[in-house]
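Dropping target.cif in here (mmCIF, C-alpha atoms):
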```cif
data_query
#
loop_
_atom_site.group_PDB
_atom_site.id
_atom_site.type_symbol
_atom_site.label_atom_id
_atom_site.label_comp_id
_atom_site.auth_asym_id
_atom_site.auth_seq_id
_atom_site.Cartn_x
_atom_site.Cartn_y
_atom_site.Cartn_z
ATOM 1 C CA PRO A 1 -0.663 30.686 -8.861
ATOM 2 C CA ASP A 2 -3.665 30.319 -11.111
ATOM 3 C CA SER A 3 -1.877 32.164 -13.925
ATOM 4 C CA VAL A 4 0.862 29.520 -13.920
ATOM 5 C CA ARG A 5 -1.547 26.605 -13.433
ATOM 6 C CA ALA A 6 -3.565 27.695 -16.457
ATOM 7 C CA ARG A 7 -0.565 28.070 -18.804
ATOM 8 C CA MET A 8 -0.360 24.540 -20.170
ATOM 9 C CA SER A 9 1.396 23.273 -23.292
ATOM 10 C CA ALA A 10 -0.271 21.662 -26.280
ATOM 11 C CA PRO A 11 -1.091 17.948 -26.089
ATOM 12 C CA PRO A 12 1.739 15.563 -27.013
ATOM 13 C CA PRO A 13 1.619 14.186 -30.568
ATOM 14 C CA GLY A 14 -1.099 11.582 -31.004
ATOM 15 C CA LEU A 15 -3.139 12.662 -27.990
ATOM 16 C CA GLY A 16 -4.694 15.857 -29.290
ATOM 17 C CA SER A 17 -7.677 14.119 -30.874
ATOM 18 C CA SER A 18 -8.242 12.045 -27.716
ATOM 19 C CA VAL A 19 -8.331 15.178 -25.573
ATOM 20 C CA GLU A 20 -10.803 16.774 -27.970
ATOM 21 C CA LEU A 21 -13.032 13.695 -27.873
ATOM 22 C CA ALA A 22 -12.942 13.612 -24.059
ATOM 23 C CA THR A 23 -13.740 17.318 -23.858
ATOM 24 C CA ASN A 24 -16.623 16.902 -26.302
ATOM 25 C CA GLU A 25 -17.831 13.974 -24.223
ATOM 26 C CA LEU A 26 -18.026 16.237 -21.180
ATOM 27 C CA GLY A 27 -20.081 18.743 -23.135
ATOM 28 C CA GLU A 28 -22.483 16.049 -24.270
ATOM 29 C CA LEU A 29 -22.939 15.002 -20.628
ATOM 30 C CA GLY A 30 -23.726 18.590 -19.661
ATOM 31 C CA ILE A 31 -20.534 18.926 -17.638
ATOM 32 C CA GLU A 32 -18.750 22.249 -17.252
ATOM 33 C CA VAL A 33 -15.566 22.788 -19.245
ATOM 34 C CA GLU A 34 -13.560 25.776 -18.008
ATOM 35 C CA ALA A 35 -10.449 26.392 -20.125
ATOM 36 C CA SER A 36 -9.184 29.257 -17.954
ATOM 37 C CA HIS A 37 -8.192 26.921 -15.095
ATOM 38 C CA CYS A 38 -6.263 23.657 -15.246
ATOM 39 C CA SER A 39 -8.966 21.863 -13.245
ATOM 40 C CA GLY A 40 -11.680 22.814 -15.732
ATOM 41 C CA ARG A 41 -10.766 20.680 -18.732
ATOM 42 C CA VAL A 42 -9.359 17.271 -19.722
ATOM 43 C CA TRP A 43 -5.592 16.963 -20.193
ATOM 44 C CA PRO A 44 -3.575 14.334 -22.115
ATOM 45 C CA ALA A 45 -2.205 12.679 -18.978
ATOM 46 C CA ALA A 46 -5.750 11.829 -17.856
ATOM 47 C CA ILE A 47 -6.297 9.996 -21.151
ATOM 48 C CA VAL A 48 -3.136 7.926 -20.671
ATOM 49 C CA LEU A 49 -3.938 7.240 -17.012
ATOM 50 C CA GLY A 50 -7.358 5.961 -18.070
ATOM 51 C CA ARG A 51 -5.715 3.609 -20.578
ATOM 52 C CA TYR A 52 -3.407 2.370 -17.840
ATOM 53 C CA LEU A 53 -6.322 1.652 -15.496
ATOM 54 C CA GLU A 54 -8.017 -0.305 -18.296
ATOM 55 C CA SER A 55 -4.858 -2.271 -19.131
ATOM 56 C CA GLU A 56 -3.857 -5.763 -18.008
ATOM 57 C CA ARG A 57 -1.522 -4.193 -15.443
ATOM 58 C CA CYS A 58 -4.548 -3.163 -13.373
ATOM 59 C CA GLU A 59 -6.655 -6.252 -14.032
ATOM 60 C CA ARG A 60 -6.193 -7.597 -10.507
ATOM 61 C CA LEU A 61 -7.207 -4.271 -8.984
ATOM 62 C CA ARG A 62 -10.411 -4.238 -11.020
ATOM 63 C CA ALA A 63 -11.134 -7.877 -10.187
ATOM 64 C CA ARG A 64 -10.838 -7.433 -6.417
ATOM 65 C CA ASP A 65 -13.256 -4.501 -6.110
ATOM 66 C CA ALA A 66 -10.595 -1.924 -5.334
ATOM 67 C CA ALA A 67 -11.261 1.415 -3.640
ATOM 68 C CA VAL A 68 -9.739 4.342 -5.553
ATOM 69 C CA LEU A 69 -8.635 7.775 -4.352
ATOM 70 C CA GLU A 70 -8.042 10.278 -7.164
ATOM 71 C CA LEU A 71 -5.955 13.403 -6.590
ATOM 72 C CA GLY A 72 -6.641 16.561 -8.588
ATOM 73 C CA ALA A 73 -9.781 15.128 -10.188
ATOM 74 C CA GLY A 74 -10.556 18.341 -12.087
ATOM 75 C CA THR A 75 -13.694 18.003 -14.193
ATOM 76 C CA GLY A 76 -14.375 14.507 -12.867
ATOM 77 C CA TRP A 77 -13.997 13.008 -16.356
ATOM 78 C CA LEU A 78 -11.731 10.160 -15.238
ATOM 79 C CA ALA A 79 -13.909 9.411 -12.207
ATOM 80 C CA LEU A 80 -17.044 9.215 -14.355
ATOM 81 C CA LYS A 81 -15.255 7.183 -17.013
ATOM 82 C CA MET A 82 -13.567 4.647 -14.743
ATOM 83 C CA SER A 83 -15.520 4.450 -11.481
ATOM 84 C CA SER A 84 -17.893 1.700 -12.661
ATOM 85 C CA ARG A 85 -14.868 -0.603 -12.962
ATOM 86 C CA PHE A 86 -14.039 -0.265 -9.257
ATOM 87 C CA ALA A 87 -15.889 -0.735 -5.973
ATOM 88 C CA SER A 88 -15.579 2.905 -4.915
ATOM 89 C CA TRP A 89 -14.033 6.089 -6.277
ATOM 90 C CA THR A 90 -13.268 9.177 -4.188
ATOM 91 C CA ALA A 91 -12.385 12.153 -6.382
ATOM 92 C CA THR A 92 -10.546 14.947 -4.557
ATOM 93 C CA GLU A 93 -9.772 18.566 -5.373
ATOM 94 C CA THR A 94 -8.533 21.758 -3.785
ATOM 95 C CA THR A 95 -11.034 24.322 -2.605
ATOM 96 C CA GLU A 96 -9.027 27.033 -4.411
ATOM 97 C CA GLY A 97 -10.277 28.559 -7.648
ATOM 98 C CA GLY A 98 -13.688 26.930 -7.291
ATOM 99 C CA ALA A 99 -12.169 23.558 -8.264
ATOM 100 C CA LEU A 100 -13.983 21.487 -5.626
ATOM 101 C CA ASP A 101 -17.308 23.215 -6.261
ATOM 102 C CA ARG A 102 -16.991 22.511 -9.985
ATOM 103 C CA LEU A 103 -16.130 18.864 -9.349
ATOM 104 C CA GLU A 104 -19.064 18.425 -6.950
ATOM 105 C CA ARG A 105 -21.503 19.911 -9.453
ATOM 106 C CA ASN A 106 -20.223 17.659 -12.217
ATOM 107 C CA LEU A 107 -20.408 14.458 -10.178
ATOM 108 C CA ALA A 108 -23.798 15.412 -8.708
ATOM 109 C CA LYS A 109 -25.322 15.231 -12.187
ATOM 110 C CA PHE A 110 -24.819 11.470 -12.034
ATOM 111 C CA ALA A 111 -25.390 10.824 -8.333
ATOM 112 C CA GLY A 112 -27.880 8.187 -7.290
ATOM 113 C CA GLY A 113 -27.717 6.298 -10.552
ATOM 114 C CA GLY A 114 -27.191 3.031 -8.710
ATOM 115 C CA THR A 115 -24.101 2.192 -10.720
ATOM 116 C CA ARG A 116 -21.226 0.362 -9.163
ATOM 117 C CA GLY A 117 -18.553 2.696 -7.810
ATOM 118 C CA SER A 118 -20.480 5.956 -8.275
ATOM 119 C CA PRO A 119 -17.825 8.612 -7.539
ATOM 120 C CA MET A 120 -17.979 11.036 -4.643
ATOM 121 C CA ALA A 121 -16.119 14.355 -4.275
ATOM 122 C CA ARG A 122 -14.050 15.422 -1.270
ATOM 123 C CA ALA A 123 -11.698 18.291 -0.460
ATOM 124 C CA LEU A 124 -8.052 17.385 0.042
ATOM 125 C CA ASP A 125 -5.284 19.774 1.074
ATOM 126 C CA TRP A 126 -2.015 18.096 0.095
ATOM 127 C CA ASN A 127 -0.288 19.785 3.006
ATOM 128 C CA ASP A 128 -2.693 18.102 5.419
ATOM 129 C CA ALA A 129 -3.004 14.624 3.962
ATOM 130 C CA GLU A 130 -2.368 13.222 7.415
ATOM 131 C CA GLY A 131 -5.611 14.835 8.583
ATOM 132 C CA PHE A 132 -7.384 13.453 5.506
ATOM 133 C CA VAL A 133 -6.224 9.919 6.334
ATOM 134 C CA HIS A 134 -7.266 10.394 9.967
ATOM 135 C CA SER A 135 -10.735 11.503 8.864
ATOM 136 C CA ALA A 136 -11.010 8.226 6.938
ATOM 137 C CA GLY A 137 -10.556 6.269 10.150
ATOM 138 C CA GLY A 138 -6.769 6.327 10.238
ATOM 139 C CA THR A 139 -6.410 3.225 8.068
ATOM 140 C CA GLY A 140 -6.627 4.825 4.619
ATOM 141 C CA GLY A 141 -8.799 2.203 3.033
ATOM 142 C CA TRP A 142 -7.711 2.870 -0.562
ATOM 143 C CA ASP A 143 -6.210 0.221 -2.790
ATOM 144 C CA LEU A 144 -5.201 2.695 -5.489
ATOM 145 C CA VAL A 145 -4.229 6.373 -5.388
ATOM 146 C CA CYS A 146 -4.025 8.018 -8.797
ATOM 147 C CA GLY A 147 -3.829 11.410 -10.484
ATOM 148 C CA SER A 148 -2.648 13.127 -13.645
ATOM 149 C CA ASP A 149 -0.618 16.284 -14.397
ATOM 150 C CA LEU A 150 -0.711 17.390 -10.774
ATOM 151 C CA VAL A 151 2.404 19.600 -10.592
ATOM 152 C CA TYR A 152 2.521 23.218 -11.789
ATOM 153 C CA SER A 153 5.170 24.695 -9.454
ATOM 154 C CA GLU A 154 8.042 23.699 -7.195
ATOM 155 C CA THR A 155 5.821 24.367 -4.191
ATOM 156 C CA GLY A 156 3.191 22.069 -5.685
ATOM 157 C CA ALA A 157 5.781 19.332 -6.212
ATOM 158 C CA VAL A 158 6.789 19.495 -2.534
ATOM 159 C CA ALA A 159 3.145 19.434 -1.419
ATOM 160 C CA LEU A 160 2.339 16.455 -3.657
ATOM 161 C CA ALA A 161 5.337 14.488 -2.361
ATOM 162 C CA ARG A 162 4.234 15.197 1.208
ATOM 163 C CA CYS A 163 0.722 14.040 0.380
ATOM 164 C CA LEU A 164 1.886 10.799 -1.256
ATOM 165 C CA ASP A 165 4.227 10.152 1.666
ATOM 166 C CA ALA A 166 1.302 10.461 4.079
ATOM 167 C CA LEU A 167 -0.952 8.245 1.961
ATOM 168 C CA LEU A 168 1.702 5.529 1.709
ATOM 169 C CA GLY A 169 2.273 5.492 5.451
ATOM 170 C CA ASP A 170 5.325 3.993 7.134
ATOM 171 C CA ASN A 171 7.290 0.962 6.013
ATOM 172 C CA GLY A 172 5.627 -1.062 8.747
ATOM 173 C CA ASP A 173 2.169 -0.494 7.314
ATOM 174 C CA GLU A 174 0.586 -3.371 5.457
ATOM 175 C CA GLU A 175 -2.447 -3.908 3.323
ATOM 176 C CA SER A 176 -5.434 -4.985 5.378
ATOM 177 C CA GLY A 177 -6.492 -8.605 5.111
ATOM 178 C CA PRO A 178 -10.085 -9.882 5.079
ATOM 179 C CA GLY A 179 -12.070 -10.169 8.294
ATOM 180 C CA ASP A 180 -11.230 -7.742 11.049
ATOM 181 C CA GLY A 181 -9.263 -5.014 9.296
ATOM 182 C CA ASP A 182 -6.110 -5.499 11.367
ATOM 183 C CA GLY A 183 -4.166 -7.083 8.520
ATOM 184 C CA ASP A 184 -3.669 -10.602 9.871
ATOM 185 C CA GLY A 185 -6.657 -12.176 8.149
ATOM 186 C CA ASP A 186 -7.729 -14.101 11.240
ATOM 187 C CA GLY A 187 -11.122 -12.437 11.618
ATOM 188 C CA LYS A 188 -10.360 -11.467 15.211
ATOM 189 C CA VAL A 189 -10.406 -7.917 16.483
ATOM 190 C CA GLY A 190 -6.937 -6.440 16.762
ATOM 191 C CA THR A 191 -4.972 -3.225 16.257
ATOM 192 C CA ARG A 192 -5.942 -1.738 12.910
ATOM 193 C CA ARG A 193 -3.059 -1.232 10.517
ATOM 194 C CA ARG A 194 -2.761 1.245 7.708
ATOM 195 C CA ARG A 195 -3.565 -0.059 4.249
ATOM 196 C CA ARG A 196 -0.690 0.783 1.907
ATOM 197 C CA PRO A 197 -2.087 1.642 -1.529
ATOM 198 C CA MET A 198 -0.649 1.309 -4.984
ATOM 199 C CA ILE A 199 0.060 4.806 -6.371
ATOM 200 C CA ALA A 200 -0.081 5.671 -10.085
ATOM 201 C CA ILE A 201 0.675 9.254 -11.168
ATOM 202 C CA ALA A 202 0.580 10.277 -14.846
ATOM 203 C CA GLN A 203 2.881 13.160 -15.805
ATOM 204 C CA THR A 204 3.271 15.009 -19.093
ATOM 205 C CA CYS A 205 7.064 15.194 -19.148
ATOM 206 C CA GLY A 206 8.975 17.840 -21.082
ATOM 207 C CA ARG A 207 6.364 20.613 -20.886
ATOM 208 C CA TRP A 208 7.265 24.238 -21.641
ATOM 209 C CA GLY A 209 10.389 23.372 -23.590
ATOM 210 C CA GLY A 210 11.797 21.384 -20.720
ATOM 211 C CA HIS A 211 11.185 24.153 -18.190
ATOM 212 C CA GLY A 212 8.311 22.284 -16.545
ATOM 213 C CA TYR A 213 8.466 20.768 -13.092
ATOM 214 C CA ASP A 214 9.524 17.183 -13.808
ATOM 215 C CA GLU A 215 12.861 17.634 -12.040
ATOM 216 C CA ALA A 216 11.189 19.403 -9.112
ATOM 217 C CA LEU A 217 8.832 16.455 -8.688
ATOM 218 C CA PHE A 218 11.700 13.952 -8.845
ATOM 219 C CA GLU A 219 13.657 15.843 -6.180
ATOM 220 C CA ALA A 220 10.622 16.380 -3.935
ATOM 221 C CA LEU A 221 9.884 12.645 -4.016
ATOM 222 C CA ALA A 222 13.539 11.782 -3.371
ATOM 223 C CA ASP A 223 13.584 14.082 -0.324
ATOM 224 C CA ARG A 224 10.920 11.801 1.181
ATOM 225 C CA SER A 225 12.602 8.589 0.021
ATOM 226 C CA LEU A 226 9.919 8.041 -2.603
ATOM 227 C CA ARG A 227 10.748 6.807 -6.063
ATOM 228 C CA ALA A 228 8.835 7.188 -9.331
ATOM 229 C CA GLU A 229 9.183 4.057 -11.462
ATOM 230 C CA PRO A 230 7.976 4.300 -15.102
ATOM 231 C CA ALA A 231 5.096 1.844 -15.521
ATOM 232 C CA PHE A 232 3.176 2.810 -18.657
ATOM 233 C CA GLY A 233 2.986 5.313 -21.487
ATOM 234 C CA ASP A 234 5.520 6.915 -23.813
ATOM 235 C CA ILE A 235 8.935 6.162 -22.328
ATOM 236 C CA PRO A 236 11.676 7.312 -24.766
ATOM 237 C CA PRO A 237 14.905 5.285 -24.990
ATOM 238 C CA ASP A 238 18.035 6.805 -23.452
ATOM 239 C CA ASP A 239 19.504 7.591 -26.878
ATOM 240 C CA ASP A 240 16.472 9.685 -27.902
ATOM 241 C CA THR A 241 17.688 13.264 -27.446
ATOM 242 C CA THR A 242 14.638 15.043 -28.878
ATOM 243 C CA LEU A 243 13.129 17.522 -26.455
ATOM 244 C CA ARG A 244 9.405 16.802 -26.657
ATOM 245 C CA GLN A 245 6.327 16.236 -24.534
ATOM 246 C CA HIS A 246 5.447 12.658 -23.614
ATOM 247 C CA VAL A 247 3.117 11.174 -20.998
ATOM 248 C CA VAL A 248 4.394 8.587 -18.530
ATOM 249 C CA VAL A 249 2.474 6.837 -15.760
ATOM 250 C CA PHE A 250 4.739 6.416 -12.739
ATOM 251 C CA SER A 251 4.332 3.946 -9.917
ATOM 252 C CA ILE A 252 5.260 5.786 -6.707
ATOM 253 C CA GLU A 253 6.931 3.580 -4.144
ATOM 254 C CA ARG A 254 9.044 4.011 -1.065
ATOM 255 C CA SER A 255 12.727 3.419 -1.784
ATOM 256 C CA PRO A 256 13.959 0.099 -0.326
ATOM 257 C CA GLY A 257 15.251 0.669 3.179
ATOM 258 C CA GLY A 258 14.261 4.323 3.045
ATOM 259 C CA SER A 259 12.100 6.273 5.413
ATOM 260 C CA SER A 260 10.492 9.681 5.149
ATOM 261 C CA GLY A 261 13.017 12.520 5.222
ATOM 262 C CA THR A 262 16.003 10.548 3.861
ATOM 263 C CA CYS A 263 17.146 9.982 0.301
ATOM 264 C CA GLU A 264 20.258 7.800 0.556
ATOM 265 C CA CYS A 265 18.521 5.116 -1.513
ATOM 266 C CA VAL A 266 18.131 7.350 -4.580
ATOM 267 C CA ASP A 267 21.032 7.330 -7.053
ATOM 268 C CA ILE A 268 20.736 10.836 -8.522
ATOM 269 C CA GLU A 269 23.651 10.472 -10.968
ATOM 270 C CA ARG A 270 22.339 7.205 -12.378
ATOM 271 C CA ASP A 271 18.856 8.634 -12.711
ATOM 272 C CA ARG A 272 20.111 11.750 -14.474
ATOM 273 C CA ARG A 273 21.263 9.490 -17.291
ATOM 274 C CA SER A 274 17.960 7.695 -17.782
ATOM 275 C CA HIS A 275 14.997 8.726 -15.624
ATOM 276 C CA PRO A 276 12.039 10.195 -17.599
ATOM 277 C CA LEU A 277 11.464 12.909 -14.982
ATOM 278 C CA LEU A 278 15.032 14.137 -15.515
ATOM 279 C CA ARG A 279 15.101 13.668 -19.289
ATOM 280 C CA ALA A 280 13.990 17.187 -20.271
ATOM 281 C CA ALA A 281 16.432 18.880 -17.880
ATOM 282 C CA ARG A 282 19.256 16.669 -19.162
ATOM 283 C CA ILE A 283 18.523 17.460 -22.822
ATOM 284 C CA ARG A 284 17.981 21.176 -22.133
ATOM 285 C CA GLU A 285 21.288 21.375 -20.266
ATOM 286 C CA ARG A 286 23.120 19.656 -23.126
ATOM 287 C CA ASN A 287 21.510 21.992 -25.670
ATOM 288 C CA ASP A 288 22.464 25.025 -23.573
ATOM 289 C CA GLN A 289 26.069 23.842 -23.385
ATOM 290 C CA THR A 290 26.171 23.353 -27.151
ATOM 291 C CA GLN A 291 24.818 26.844 -27.763
ATOM 292 C CA LEU A 292 27.231 28.327 -25.221
ATOM 293 C CA ALA A 293 30.206 26.656 -26.895
ATOM 294 C CA ALA A 294 29.225 28.247 -30.199
ATOM 295 C CA LEU A 295 29.237 31.805 -28.788
ATOM 296 C CA THR A 296 31.953 34.308 -29.666
ATOM 297 C CA GLU A 297 33.808 36.214 -26.938
ATOM 298 C CA ASP A 298 31.655 39.283 -27.610
ATOM 299 C CA ASP A 299 28.517 37.133 -27.312
ATOM 300 C CA ARG A 300 29.746 35.738 -23.982
ATOM 301 C CA ARG A 301 30.466 39.199 -22.572
ATOM 302 C CA GLU A 302 27.020 40.376 -23.638
ATOM 303 C CA LEU A 303 25.418 37.312 -22.074
ATOM 304 C CA ASP A 304 27.318 37.837 -18.793
ATOM 305 C CA ALA A 305 26.254 41.482 -18.720
ATOM 306 C CA THR A 306 22.621 40.503 -19.284
ATOM 307 C CA ARG A 307 22.743 37.957 -16.472
ATOM 308 C CA LEU A 308 24.305 40.486 -14.101
ATOM 309 C CA PHE A 309 21.648 43.045 -14.993
ATOM 310 C CA ASP A 310 18.871 40.477 -14.379
ATOM 311 C CA GLU A 311 20.373 39.600 -10.986
ATOM 312 C CA LEU A 312 20.475 43.278 -9.997
ATOM 313 C CA LEU A 313 16.850 43.705 -10.999
ATOM 314 C CA SER A 314 15.798 40.704 -8.915
ATOM 315 C CA THR A 315 17.446 41.963 -5.716
#
```

Using structure tokens, write down the structure from this file.
Amino acid sequence: PDSVRARMSAPPPGLGSSVELATNELGELGIEVEASHCSGRVWPAAIVLGRYLESERCERLRARDAAVLELGAGTGWLALKMSSRFASWTATETTEGGALDRLERNLAKFAGGGTRGSPMARALDWNDAEGFVHSAGGTGGWDLVCGSDLVYSETGAVALARCLDALLGDNGDEESGPGDGDGDGDGKVGTRRRRRPMIAIAQTCGRWGGHGYDEALFEALADRSLRAEPAFGDIPPDDDTTLRQHVVVFSIERSPGGSSGTCECVDIERDRRSHPLLRAARIRERNDQTQLAALTEDDRRELDATRLFDELLST
């Protein structure tokens, strides 16, 4: 719901000034900034994702004229900032809440400038990413899929995982080679094969006191045999038990030997000890246990009564 999508936390330490600068930059460009909806302003994860795309890790992508597909492009700030570094940039948004209309208006202000990689806006329903791929000729055609702070509910996490699954294609899909587009590089016409893109998703972990949707995203990806590997950003060590916000860019890949709909390749127990998407839930659970252990018997009875009352109200 829009009310949930709009209720964001403050920027992580050290990123507040960057967000302010990016937002001011939009204003100077005459671009709409709408604080009442998550798609109408710049968030910290977009800043970190931009730094990742400018880093040495993405140097080869920039050098080979990569085609980029951005999910949840919002104001279009990242597309306008980064598109000149790539051959093409397709910025996508939902049609809900006027998000796509806002994005189209923002990008249209800079259309026809003749710059390399001028971004274009398109609608994308995460629950119909298969149709989106089909409309692109069935072969994808993107070298990089990216997005930042895309999940605001458990339903959204499931939809995003489904979308990424569709964009990655099956294990048999390969990146197209030069020449004919069928992946064998021989220049002869053949059966076209899906291009499997690199996927980079930036997530502000630990939002809302650890009650954000990091764990929901992890589980939704695992249900489709997708794995989020930390690639860039603020990745706390395992012994850091401070519950705080931090932005991580994850590389989304299919688990080795896995296929859509299975999750045998994901070691949940191992990941609970160290994975950034499970960090906040792990720390919150430990803090809850510590507080529970400190309760008196009267406190416990009162807590049990409150829980029972809440359950009755919810039925």

Subject >> 9 Å contact set for segment 143-148 of chain A, only C-alpha atoms, chain neighbours under 2 positions out, as an MDAnalysis selection string >> reply: chainID A and resid 43:49 61 66:73 140:141 150:151 164 167 175 195:204 249

**OP:** Would you work out the distance separating atom CA of Asn24 of chain A from atom CA of Ser88 of chain A, expressed in Å to one decimal?
**Re:** 25.6 Å

Original post:
Can you list, as a PyMOL selection string, every protein, DNA or RNA residue that comes within 8 Å of Ala79 of chain A when you count all atoms listed in the file, leaving out same-chain residues fewer than 3 positions away?
Top reply: chain A and resi 70+73+76+82-83+89+91+119

**OP:** Rounded to one decimal place, report the atom CA of His275 of chain A-atom CA of Ala228 of chain A distance in Å.
**Re:**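 These atoms are spaced 8.9 Å apart.
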
Original post:
For Glu219 of chain A, which of A:Ala161, A:Pro236, A:Asn127, A:Gly74 is the closest residue, counting all atoms listed in the file?
Top reply: A:Ala161

Each residue of segment 71-178 of chain A lying at most 12 Å from segment 209-213 of chain A should get a row with its shortest atom-to-atom pair and the distance in Å to one decimal, counting only C-alpha atoms; could you produce that, ordered by chain and increasing number, as a tab-separated table?
```
residue	atom	partner	partner_atom	distance
A:Asp149	CA	A:Tyr213	CA	10.2
A:Leu150	CA	A:Tyr213	CA	10.0
A:Val151	CA	A:Tyr213	CA	6.7
A:Tyr152	CA	A:Tyr213	CA	6.6
A:Ser153	CA	A:Tyr213	CA	6.3
A:Glu154	CA	A:Tyr213	CA	6.6
A:Thr155	CA	A:Tyr213	CA	10.0
A:Gly156	CA	A:Tyr213	CA	9.2
A:Ala157	CA	A:Tyr213	CA	7.5
A:Val158	CA	A:Tyr213	CA	10.8
```

Subject >> Interatomic distance (Å, one decimal) between atom CA of Gly131 of chain A and atom CA of Ala166 of chain A >> reply: 9.3 Å

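The list of residues with at least one atom within 10 Å of Arg282 of chain A, based on only C-alpha atoms and without residues fewer than 5 positions apart in the same chain, reads Gly210, Glu215, Thr241, Leu243, Arg272, Arg273, Ser274, His275, Pro276, Leu277, Asn287 and Asp288 of chain A.
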
For those residues, write C-alpha atoms to a file as a CSV table (one decimal), keeping the file's coordinate frame.
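New file again04.csv:
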```csv
chain,number,residue,atom,x,y,z
A,210,GLY,CA,11.8,21.4,-20.7
A,215,GLU,CA,12.9,17.6,-12.0
A,241,THR,CA,17.7,13.3,-27.4
A,243,LEU,CA,13.1,17.5,-26.5
A,272,ARG,CA,20.1,11.8,-14.5
A,273,ARG,CA,21.3,9.5,-17.3
A,274,SER,CA,18.0,7.7,-17.8
A,275,HIS,CA,15.0,8.7,-15.6
A,276,PRO,CA,12.0,10.2,-17.6
A,277,LEU,CA,11.5,12.9,-15.0
A,287,ASN,CA,21.5,22.0,-25.7
A,288,ASP,CA,22.5,25.0,-23.6
```

Subject >> Close residues, Asp128 of chain A itself excluded, 9 Å, all atoms listed in the file, min 3 positions apart in chain, as a PyMOL selection string >> reply: chain A and resi 124-125+131-133+162-163+166

Original post:
Nearest to Arg57 of chain A among A:Leu312, A:Leu103, A:Ala231, A:Ile252, with distances taken over only C-alpha atoms: which residue is it?
Top reply: A:Ala231

Original post:
At most 12 Å from (-22.1, 14.8, -9.5), file frame, only C-alpha atoms: which residues, as a PyMOL selection string?
Top reply: chain A and resi 29-32+75-77+79-80+90-91+100-113+118-122

Original post:
For the file shown, what are the residues hit by the PyMOL selection byres ((chain A and resi 235) around 8), laid out as a ChimeraX atom specification?
Top reply: /A:230,232-234,236-237,246-248,276

Around all of segment 83-86 of chain A's listed atoms, make the axis-aligned box with 3 Å on each side and tell me centre and edge lengths in Å to one decimal, as lines of an AutoDock Vina configuration file.
```
center_x = -16.0
center_y = 1.9
center_z = -11.1
size_x = 9.9
size_y = 11.1
size_z = 9.7
```

Would you mind putting N, CA and C atoms back on segment 71-83 of chain A and writing the result as a PDB file, in the coordinates of the input?
```pdb
ATOM      1  N   LEU A  71      -6.428  12.073  -6.943  1.00  0.00           N
ATOM      2  CA  LEU A  71      -5.955  13.403  -6.590  1.00  0.00           C
ATOM      3  C   LEU A  71      -6.153  14.340  -7.781  1.00  0.00           C
ATOM      4  N   GLY A  72      -6.499  15.589  -7.513  1.00  0.00           N
ATOM      5  CA  GLY A  72      -6.641  16.561  -8.588  1.00  0.00           C
ATOM      6  C   GLY A  72      -7.608  16.110  -9.657  1.00  0.00           C
ATOM      7  N   ALA A  73      -8.825  15.757  -9.264  1.00  0.00           N
ATOM      8  CA  ALA A  73      -9.781  15.128 -10.188  1.00  0.00           C
ATOM      9  C   ALA A  73     -10.331  16.076 -11.242  1.00  0.00           C
ATOM     10  N   GLY A  74     -10.175  17.385 -11.051  1.00  0.00           N
ATOM     11  CA  GLY A  74     -10.556  18.341 -12.087  1.00  0.00           C
ATOM     12  C   GLY A  74     -12.032  18.302 -12.445  1.00  0.00           C
ATOM     13  N   THR A  75     -12.307  18.036 -13.714  1.00  0.00           N
ATOM     14  CA  THR A  75     -13.694  18.003 -14.193  1.00  0.00           C
ATOM     15  C   THR A  75     -14.456  16.787 -13.697  1.00  0.00           C
ATOM     16  N   GLY A  76     -13.730  15.760 -13.257  1.00  0.00           N
ATOM     17  CA  GLY A  76     -14.375  14.507 -12.867  1.00  0.00           C
ATOM     18  C   GLY A  76     -14.489  13.527 -14.022  1.00  0.00           C
ATOM     19  N   TRP A  77     -13.887  13.862 -15.170  1.00  0.00           N
ATOM     20  CA  TRP A  77     -13.997  13.008 -16.356  1.00  0.00           C
ATOM     21  C   TRP A  77     -13.490  11.598 -16.084  1.00  0.00           C
ATOM     22  N   LEU A  78     -12.294  11.487 -15.486  1.00  0.00           N
ATOM     23  CA  LEU A  78     -11.731  10.160 -15.238  1.00  0.00           C
ATOM     24  C   LEU A  78     -12.587   9.388 -14.243  1.00  0.00           C
ATOM     25  N   ALA A  79     -13.061  10.071 -13.204  1.00  0.00           N
ATOM     26  CA  ALA A  79     -13.909   9.411 -12.207  1.00  0.00           C
ATOM     27  C   ALA A  79     -15.177   8.862 -12.843  1.00  0.00           C
ATOM     28  N   LEU A  80     -15.813   9.656 -13.693  1.00  0.00           N
ATOM     29  CA  LEU A  80     -17.044   9.215 -14.355  1.00  0.00           C
ATOM     30  C   LEU A  80     -16.765   8.104 -15.358  1.00  0.00           C
ATOM     31  N   LYS A  81     -15.612   8.161 -15.981  1.00  0.00           N
ATOM     32  CA  LYS A  81     -15.255   7.183 -17.013  1.00  0.00           C
ATOM     33  C   LYS A  81     -14.871   5.830 -16.414  1.00  0.00           C
ATOM     34  N   MET A  82     -14.175   5.867 -15.268  1.00  0.00           N
ATOM     35  CA  MET A  82     -13.567   4.647 -14.743  1.00  0.00           C
ATOM     36  C   MET A  82     -14.231   4.083 -13.493  1.00  0.00           C
ATOM     37  N   SER A  83     -15.043   4.869 -12.801  1.00  0.00           N
ATOM     38  CA  SER A  83     -15.520   4.450 -11.481  1.00  0.00           C
ATOM     39  C   SER A  83     -16.347   3.178 -11.507  1.00  0.00           C
TER      40      SER A  83
END
```
